[in-house]
>>> print(open('data.cif').read())   # mmCIF, C-alpha atoms
data_protein
#
loop_
_atom_site.label_atom_id
_atom_site.label_comp_id
_atom_site.auth_asym_id
_atom_site.auth_seq_id
_atom_site.Cartn_x
_atom_site.Cartn_y
_atom_site.Cartn_z
CA MET A 1 -2.85 -30.84 -0.05
CA ILE A 2 -1.86 -30.75 3.63
CA CYS A 3 0.59 -27.96 2.86
CA MET A 4 -2.18 -26.01 1.05
CA MET A 5 -4.53 -26.43 4.03
CA GLN A 6 -1.78 -25.28 6.42
CA SER A 7 -1.10 -22.16 4.34
CA GLN A 8 -4.86 -21.46 4.15
CA ARG A 9 -5.08 -21.74 7.95
CA MET A 10 -2.06 -19.47 8.36
CA PHE A 11 -3.62 -16.89 6.00
CA ALA A 12 -6.94 -17.07 7.89
CA ALA A 13 -5.25 -16.78 11.31
CA LEU A 14 -3.08 -13.84 10.25
CA SER A 15 -6.00 -12.08 8.56
CA VAL A 16 -8.21 -12.47 11.63
CA ALA A 17 -5.39 -11.32 13.96
CA GLY A 18 -4.66 -8.32 11.73
CA LEU A 19 -8.31 -7.33 11.37
CA VAL A 20 -8.95 -7.66 15.14
CA MET A 21 -5.92 -5.45 15.83
CA PHE A 22 -7.10 -3.07 13.11
CA ALA A 23 -10.61 -2.93 14.63
CA ALA A 24 -9.22 -2.27 18.14
CA ALA A 25 -6.86 0.47 16.92
CA PRO A 26 -9.43 3.37 16.95
CA LEU A 27 -10.20 2.62 20.63
CA LEU A 28 -6.51 3.00 21.54
CA ILE A 29 -6.09 6.02 19.27
CA ALA A 30 -9.11 7.74 20.88
CA GLN A 31 -7.45 7.39 24.31
CA ALA A 32 -4.09 8.75 23.08
CA PRO A 33 -3.34 12.37 24.12
CA TYR A 34 -3.89 15.25 21.70
CA GLU A 35 -0.84 16.79 20.06
CA SER A 36 -0.55 20.38 21.37
CA THR A 37 -0.52 22.32 18.06
CA MET A 38 -2.49 20.10 15.65
CA GLY A 39 -5.14 18.66 17.97
CA LEU A 40 -7.51 15.98 16.67
CA ILE A 41 -6.23 15.89 13.08
CA GLN A 42 -2.81 14.61 14.25
CA LYS A 43 -4.48 11.24 14.96
CA ILE A 44 -4.35 10.46 11.22
CA PHE A 45 -0.63 9.87 11.92
CA TYR A 46 -1.48 6.46 13.54
CA PHE A 47 -2.54 5.03 10.15
CA HIS A 48 -0.52 7.30 7.85
CA VAL A 49 2.98 6.45 9.16
CA PRO A 50 2.46 2.65 9.47
CA GLY A 51 1.02 2.74 5.91
CA TRP A 52 4.29 4.21 4.62
CA ILE A 53 6.43 1.86 6.76
CA VAL A 54 4.69 -1.12 5.16
CA MET A 55 4.89 0.48 1.70
CA PHE A 56 8.68 0.91 2.06
CA LEU A 57 9.00 -2.69 3.30
CA ALA A 58 6.99 -3.93 0.29
CA VAL A 59 9.19 -1.95 -2.13
CA PHE A 60 12.33 -3.42 -0.51
CA ILE A 61 10.92 -6.96 -0.83
CA ALA A 62 9.96 -6.30 -4.46
CA GLY A 63 13.42 -4.85 -5.21
CA ILE A 64 15.43 -7.64 -3.55
CA ALA A 65 13.23 -10.40 -5.03
CA SER A 66 13.49 -8.72 -8.46
CA ALA A 67 17.30 -8.63 -8.20
CA ILE A 68 17.31 -12.36 -7.35
CA HIS A 69 15.02 -13.07 -10.33
CA LEU A 70 17.09 -10.87 -12.65
CA PHE A 71 20.51 -12.31 -11.77
CA ARG A 72 19.64 -15.88 -10.68
CA ASN A 73 16.51 -16.46 -12.80
CA ARG A 74 14.29 -17.73 -9.96
CA PRO A 75 10.54 -17.77 -10.83
CA ALA A 76 9.59 -18.00 -7.13
CA ALA A 77 11.43 -14.71 -6.47
CA ASP A 78 9.57 -13.15 -9.42
CA ARG A 79 6.22 -14.21 -7.93
CA LEU A 80 7.23 -12.71 -4.57
CA ALA A 81 8.26 -9.46 -6.29
CA LEU A 82 4.92 -9.19 -8.10
CA ALA A 83 2.98 -9.77 -4.87
CA ALA A 84 5.07 -7.21 -2.98
CA ALA A 85 4.76 -4.64 -5.80
CA GLU A 86 0.97 -4.88 -5.75
CA LEU A 87 0.94 -4.42 -1.97
CA ALA A 88 3.33 -1.47 -2.26
CA VAL A 89 0.78 0.26 -4.52
CA VAL A 90 -2.07 -0.52 -2.08
CA PHE A 91 -0.27 0.78 1.01
CA GLY A 92 1.23 3.71 -0.91
CA LEU A 93 -2.32 4.67 -1.87
CA ILE A 94 -3.27 4.68 1.83
CA GLY A 95 -0.34 7.00 2.56
CA LEU A 96 -1.09 9.31 -0.37
CA VAL A 97 -4.78 9.63 0.58
CA THR A 98 -4.38 10.06 4.35
CA GLY A 99 -1.52 12.59 3.96
CA PRO A 100 -3.54 15.29 2.14
CA LEU A 101 -6.48 14.77 4.55
CA TRP A 102 -4.07 15.73 7.34
CA ALA A 103 -2.36 18.47 5.30
CA ILE A 104 -5.54 20.42 4.47
CA LYS A 105 -6.05 21.01 8.20
CA ALA A 106 -2.41 21.27 9.32
CA TRP A 107 -0.97 23.20 6.35
CA GLY A 108 -4.10 24.71 4.79
CA VAL A 109 -3.48 23.01 1.42
CA TRP A 110 -4.15 19.50 0.15
CA TRP A 111 -0.75 19.16 -1.50
CA GLN A 112 2.63 20.88 -1.69
CA TRP A 113 5.24 20.12 -4.35
CA GLU A 114 7.94 19.78 -1.71
CA PRO A 115 10.63 17.02 -1.77
CA ARG A 116 9.02 14.39 0.52
CA LEU A 117 5.59 14.51 -1.10
CA THR A 118 6.88 14.70 -4.65
CA MET A 119 9.32 11.79 -4.17
CA SER A 120 6.61 9.69 -2.47
CA LEU A 121 4.33 10.28 -5.46
CA ILE A 122 7.16 9.30 -7.85
CA LEU A 123 7.74 6.09 -5.82
CA GLU A 124 4.02 5.20 -6.02
CA LEU A 125 3.97 5.90 -9.77
CA THR A 126 7.11 3.77 -10.24
CA MET A 127 5.37 0.81 -8.57
CA CYS A 128 2.26 1.44 -10.73
CA ALA A 129 4.62 1.36 -13.74
CA TYR A 130 5.93 -2.02 -12.53
CA LEU A 131 2.37 -3.45 -12.44
CA LEU A 132 1.47 -1.96 -15.83
CA LEU A 133 4.63 -3.47 -17.34
CA ARG A 134 3.79 -6.88 -15.88
CA ARG A 135 0.23 -6.71 -17.21
CA TYR A 136 0.78 -5.26 -20.69
CA GLY A 137 4.54 -5.60 -21.33
CA GLY A 138 4.32 -8.91 -23.18
CA PRO A 139 7.08 -11.56 -23.22
CA GLY A 140 10.17 -10.56 -21.25
CA SER A 141 8.32 -7.92 -19.25
CA ASP A 142 9.21 -9.74 -16.01
CA LYS A 143 12.90 -8.85 -16.50
CA LEU A 144 12.12 -5.28 -17.54
CA ALA A 145 9.80 -4.83 -14.55
CA ALA A 146 12.48 -6.30 -12.25
CA GLY A 147 14.78 -3.43 -13.27
CA VAL A 148 12.02 -0.92 -12.45
CA ALA A 149 11.55 -2.50 -8.98
CA ILE A 150 15.29 -2.22 -8.26
CA PHE A 151 15.20 1.50 -9.14
CA ALA A 152 12.11 1.94 -6.93
CA MET A 153 14.00 0.29 -4.05
CA ALA A 154 16.93 2.66 -4.60
CA ASN A 155 14.48 5.58 -4.33
CA VAL A 156 13.22 4.56 -0.83
CA PRO A 157 16.19 5.91 1.23
CA PHE A 158 15.94 9.23 -0.63
CA VAL A 159 12.21 9.47 0.14
CA TYR A 160 12.86 8.70 3.82
CA LEU A 161 15.82 11.08 4.21
CA SER A 162 14.40 13.85 1.99
CA VAL A 163 12.98 15.69 5.04
CA ASN A 164 16.48 15.84 6.59
CA ILE A 165 18.40 16.67 3.39
CA TRP A 166 16.19 19.33 1.81
CA ARG A 167 14.21 22.22 3.23
CA THR A 168 10.66 20.96 3.59
CA ILE A 169 7.48 21.59 5.57
CA HIS A 170 6.90 17.86 6.20
CA PRO A 171 7.60 16.63 9.79
CA ALA A 172 11.17 15.28 10.17
CA THR A 173 12.20 11.63 10.59
CA SER A 174 13.09 12.32 14.24
CA VAL A 175 9.38 12.43 15.27
CA VAL A 176 8.79 8.66 15.43
CA PRO A 177 12.15 7.59 17.02
CA GLN A 178 11.67 10.20 19.78
CA LEU A 179 8.01 9.33 20.39
CA ALA A 180 8.68 6.83 23.22
CA GLY A 181 10.49 9.51 25.23
CA SER A 182 8.58 12.65 24.23
CA ALA A 183 5.01 11.27 24.18
CA PRO A 184 4.70 7.81 25.78
CA GLY A 185 0.89 8.05 25.57
CA MET A 186 1.13 8.23 21.77
CA PHE A 187 3.86 5.61 21.46
CA GLY A 188 1.69 2.62 22.57
CA PRO A 189 -1.14 3.20 20.06
CA PHE A 190 1.43 3.91 17.34
CA VAL A 191 3.25 0.60 17.94
CA TRP A 192 -0.13 -1.20 18.04
CA CYS A 193 -1.11 0.25 14.64
CA ALA A 194 2.32 -0.47 13.15
CA VAL A 195 2.13 -4.13 14.27
CA ALA A 196 -1.47 -4.40 12.97
CA PHE A 197 -0.35 -3.14 9.56
CA LEU A 198 2.62 -5.53 9.53
CA VAL A 199 0.41 -8.54 10.46
CA LEU A 200 -2.09 -7.61 7.74
CA PHE A 201 0.75 -7.13 5.26
CA THR A 202 2.15 -10.59 6.09
CA ALA A 203 -1.28 -12.19 5.60
CA MET A 204 -1.81 -10.36 2.29
CA MET A 205 1.69 -11.28 1.08
CA ALA A 206 1.12 -14.95 1.93
CA ALA A 207 -2.20 -14.99 0.05
CA ARG A 208 -0.96 -12.96 -2.92
CA THR A 209 2.18 -15.11 -3.35
CA ARG A 210 0.04 -18.22 -3.15
CA LEU A 211 -2.22 -16.83 -5.87
CA GLU A 212 0.79 -16.38 -8.18
CA ALA A 213 2.04 -19.91 -7.37
CA GLN A 214 -1.39 -21.34 -8.25
CA ARG A 215 -1.52 -19.34 -11.49
CA ALA A 216 1.88 -20.83 -12.44
CA HIS A 217 0.50 -24.29 -11.60
CA VAL A 218 -2.57 -23.69 -13.79
CA GLU A 219 -0.28 -22.66 -16.67
CA ARG A 220 1.72 -25.88 -16.27
CA LEU A 221 -1.52 -27.91 -16.24
CA HIS A 222 -2.70 -26.18 -19.44
CA LEU A 223 0.62 -26.98 -21.15
CA ALA A 224 0.49 -30.60 -19.97
CA LEU A 225 -3.05 -31.01 -21.33
CA GLU A 226 -2.10 -29.43 -24.68
CA GLU A 227 0.88 -31.77 -25.06
CA ARG A 228 -1.35 -34.87 -24.82
CA MET B 1 -5.14 -8.73 -11.52
CA ASN B 2 -7.41 -6.95 -14.03
CA GLY B 3 -9.32 -5.21 -11.26
CA VAL B 4 -6.13 -4.06 -9.57
CA MET B 5 -4.73 -2.85 -12.89
CA ARG B 6 -7.90 -0.89 -13.58
CA ALA B 7 -7.69 0.60 -10.07
CA ALA B 8 -3.99 1.47 -10.55
CA THR B 9 -4.72 3.13 -13.90
CA ALA B 10 -7.61 5.07 -12.34
CA VAL B 11 -5.31 6.21 -9.50
CA ILE B 12 -2.74 7.48 -12.02
CA LEU B 13 -5.39 9.37 -14.00
CA VAL B 14 -6.85 10.95 -10.84
CA LEU B 15 -3.35 11.93 -9.67
CA VAL B 16 -2.54 13.54 -13.02
CA MET B 17 -5.81 15.48 -13.05
CA ALA B 18 -5.40 16.43 -9.37
CA ALA B 19 -1.84 17.59 -10.02
CA ALA B 20 -3.04 20.05 -12.64
CA GLY B 21 -5.67 21.47 -10.27
CA VAL B 22 -3.32 21.58 -7.29
CA HIS B 23 -0.62 23.28 -9.34
CA GLY B 24 -3.07 26.02 -10.25
CA ALA B 25 -4.11 26.44 -6.62
CA GLN B 26 -0.60 26.67 -5.15
CA PRO B 27 0.15 30.42 -4.96
CA GLN B 28 -1.65 31.87 -1.96
CA PRO B 29 -1.32 35.40 -0.55
CA PRO B 30 0.92 35.33 2.53
CA GLN B 31 -0.69 36.04 5.88
CA GLU B 32 0.95 39.16 7.30
CA GLU B 33 -0.24 39.18 10.90
CA PHE B 34 -1.48 36.80 13.59
CA VAL B 35 -5.18 35.97 13.31
CA PRO B 36 -6.89 34.06 16.16
CA ILE B 37 -8.50 30.85 14.89
CA ASP B 38 -12.05 31.92 15.89
CA GLU B 39 -11.69 35.11 13.80
CA LEU B 40 -10.80 33.24 10.61
CA PRO B 41 -13.35 33.25 7.77
CA PRO B 42 -15.80 30.30 8.05
CA GLY B 43 -14.17 28.60 5.04
CA ASP B 44 -10.83 28.39 6.88
CA GLN B 45 -12.30 27.02 10.12
CA MET B 46 -12.30 23.46 8.86
CA PRO B 47 -13.42 20.86 11.42
CA ALA B 48 -10.93 18.03 11.93
CA ALA B 49 -13.37 15.22 12.78
CA PRO B 50 -14.83 14.65 9.25
CA LEU B 51 -11.29 14.56 7.80
CA LEU B 52 -10.16 12.05 10.44
CA ILE B 53 -13.23 9.86 9.91
CA ALA B 54 -12.77 10.06 6.12
CA ALA B 55 -9.11 9.00 6.48
CA TYR B 56 -9.98 5.96 8.63
CA ALA B 57 -12.93 5.02 6.40
CA ILE B 58 -10.71 5.12 3.31
CA VAL B 59 -8.03 2.96 5.00
CA TRP B 60 -10.68 0.41 6.00
CA ALA B 61 -12.21 0.43 2.50
CA VAL B 62 -8.81 -0.08 0.83
CA VAL B 63 -7.80 -2.94 3.19
CA PHE B 64 -11.14 -4.77 2.92
CA GLY B 65 -11.38 -4.13 -0.82
CA TYR B 66 -7.94 -5.61 -1.38
CA LEU B 67 -8.63 -8.65 0.87
CA TRP B 68 -11.87 -9.25 -1.06
CA SER B 69 -9.99 -8.91 -4.36
CA ILE B 70 -7.39 -11.53 -3.30
CA TRP B 71 -10.12 -13.90 -2.08
CA ARG B 72 -12.04 -13.53 -5.37
CA ARG B 73 -8.95 -14.14 -7.52
CA LEU B 74 -7.91 -17.15 -5.41
CA SER B 75 -11.41 -18.66 -5.80
CA THR B 76 -11.25 -18.18 -9.60
CA VAL B 77 -7.84 -19.88 -9.88
CA GLU B 78 -8.88 -22.76 -7.59
CA ARG B 79 -12.00 -23.33 -9.72
CA GLU B 80 -9.81 -23.39 -12.84
CA MET B 81 -7.44 -25.88 -11.19
CA GLN B 82 -10.34 -28.19 -10.31
CA GLU B 83 -11.67 -27.94 -13.86
CA LEU B 84 -8.24 -28.80 -15.33
CA ALA B 85 -7.82 -31.71 -12.92
CA ARG B 86 -11.27 -33.01 -13.96
CA ARG B 87 -10.33 -32.73 -17.66
CA ALA B 88 -7.02 -34.51 -17.01
CA ASP B 89 -8.85 -37.36 -15.20
CA ALA B 90 -11.40 -37.63 -18.04
CA GLY B 91 -8.53 -37.77 -20.59
CA GLU B 92 -6.80 -40.59 -18.70
CA GLN B 93 -10.01 -42.62 -18.55
CA ASP B 94 -10.58 -42.17 -22.34
CA SER B 95 -7.04 -43.35 -23.14
#
>>> encode(input="data.cif", output="structure tokens")
Amino acid sequence: MICMMQSQRMFAALSVAGLVMFAAAPLLIAQAPYESTMGLIQKIFYFHVPGWIVMFLAVFIAGIASAIHLFRNRPAADRLALAAAELAVVFGLIGLVTGPLWAIKAWGVWWQWEPRLTMSLILELTMCAYLLLRRYGGPGSDKLAAGVAIFAMANVPFVYLSVNIWRTIHPATSVVPQLAGSAPGMFGPFVWCAVAFLVLFTAMMAARTRLEAQRAHVERLHLALEER
Amino acid sequence: MNGVMRAATAVILVLVMAAAGVHGAQPQPPQEEFVPIDELPPGDQMPAAPLLIAAYAIVWAVVFGYLWSIWRRLSTVEREMQELARRADAGEQDS
């Protein structure tokens, strides 16, 4: 009971911290300098890039936890994978919606079937497939879905490096690492937004994993009552 | 979980339908010479502010919607746990 109360407090504290940082982010973003060629629309970058960073992190967690569940048969790892997969879909959705809103102004089209965008869409659909398998796959779907999560994790480096490997109109991966030197005024708000997303992600992961643990507990209680 | 699954399925359907439309809209005539931005047709002079506001509003809606969804599902499971604990206590008293 004490442990439950502590985790509830941790979830509440992280959620409040994340939401406060999230609420303060537009104030910092408004003060950041304009990018010379794109102007105002470039400011979508402060939510778009952290959204993808968190999505990639969630896919990695889902993939590693799935591998542990697949090869070591650990139910706790399976619960972690399910929570991370759901969050990967949520943050991937943020990236897929904010990207075209930027692209229509910067490129003149909502979408281009170029490598980065196409592979990002495939990654999002793969994680949707994971959730659909878990929901409707029936007995044994946890193992099948674990395989899907591992393949999704293997896709992440290709999505990230696609802008360097193939010819594409998407900005390269060098933009963010060089930001501190090339545009210090943009670097501060970007780091703030990235940390806000990571804090929110941690709070959501804690709550979502706890939900799965409680569902497993309810199942055990049902079985215990039926055995009487 | 059901709500999230419905949302995920809806996202897939919208993406599939959008893909068909976007694919049809891809080929555009190439621009052959420089055109100053204030001489572009009104349809091409898209203001950035509504797009930026829409992007932030969608991010906020997704984050709050998901937090609300977790809170609602946690409340449902906790209620179920309390109900099961009550039934278990009642069973012990009967026996």
>>> atom_distance(input="data.cif", atom1="CA of Ile12 in chain B", atom2="CA of Leu132 in chain A")
11.0 Å
>>> closest_residue(input="data.cif", among="A:Ile41, A:Val156, A:Val176, A:Ala62", to="chain B", atoms="only C-alpha atoms")
A:Ile41
>>> closest_residue(input="data.cif", among="A:Leu225, A:Gln214, A:Gly18, A:Ala106", to="Arg79 in chain B", atoms="all atoms listed in the file")
A:Gln214
>>> resolve_selection(input="data.cif", expression="the PyMOL selection byres ((chain A) within 6 of (chain B))", output="PyMOL selection string")
chain A and resi 41+94+98+101+211+218
>>> axis_aligned_box(input="data.cif", around="range 86-104 of chain A", padding_each_side="6 Å", output="JSON")
{"center_x": -1.6, "center_y": 7.8, "center_z": 0.8, "size_x": 21.8, "size_y": 37.3, "size_z": 25.1}
>>> resolve_selection(input="data.cif", expression="the PyMOL selection byres ((chain A and resi 203) around 6)", output="number ranges by chain")
A: 11, 14-15, 200-202, 204-206
>>> atom_distance(input="data.cif", atom1="CA of Gly51 in chain A", atom2="CA of Phe91 in chain A")
5.4 Å
>>> residues_around(input="data.cif", residues="Arg116 in chain A", least_positions_apart="6", cutoff="8 Å", atoms="only C-alpha atoms", output="MDAnalysis selection string")
chainID A and resid 159:160 162:163 168 170
>>> write_last_selection(input="data.cif", atoms="C-alpha atoms", output="mmCIF file, in the coordinates of the input")
data_model
loop_
_atom_site.group_PDB
_atom_site.id
_atom_site.type_symbol
_atom_site.label_atom_id
_atom_site.label_comp_id
_atom_site.auth_asym_id
_atom_site.auth_seq_id
_atom_site.Cartn_x
_atom_site.Cartn_y
_atom_site.Cartn_z
ATOM 1 C CA VAL A 159 12.210 9.470 0.140
ATOM 2 C CA TYR A 160 12.860 8.700 3.820
ATOM 3 C CA SER A 162 14.400 13.850 1.990
ATOM 4 C CA VAL A 163 12.980 15.690 5.040
ATOM 5 C CA THR A 168 10.660 20.960 3.590
ATOM 6 C CA HIS A 170 6.900 17.860 6.200
#
>>> residues_around(input="data.cif", residues="Thr209 in chain A", least_positions_apart="6", cutoff="7 Å", atoms="all atoms listed in the file", output="mmCIF file with C-alpha atoms, in the frame of the given file")
data_model
loop_
_atom_site.group_PDB
_atom_site.id
_atom_site.type_symbol
_atom_site.label_atom_id
_atom_site.label_comp_id
_atom_site.auth_asym_id
_atom_site.auth_seq_id
_atom_site.Cartn_x
_atom_site.Cartn_y
_atom_site.Cartn_z
ATOM 1 C CA ARG A 79 6.220 -14.210 -7.930
ATOM 2 C CA LEU A 80 7.230 -12.710 -4.570
ATOM 3 C CA ALA A 83 2.980 -9.770 -4.870
#
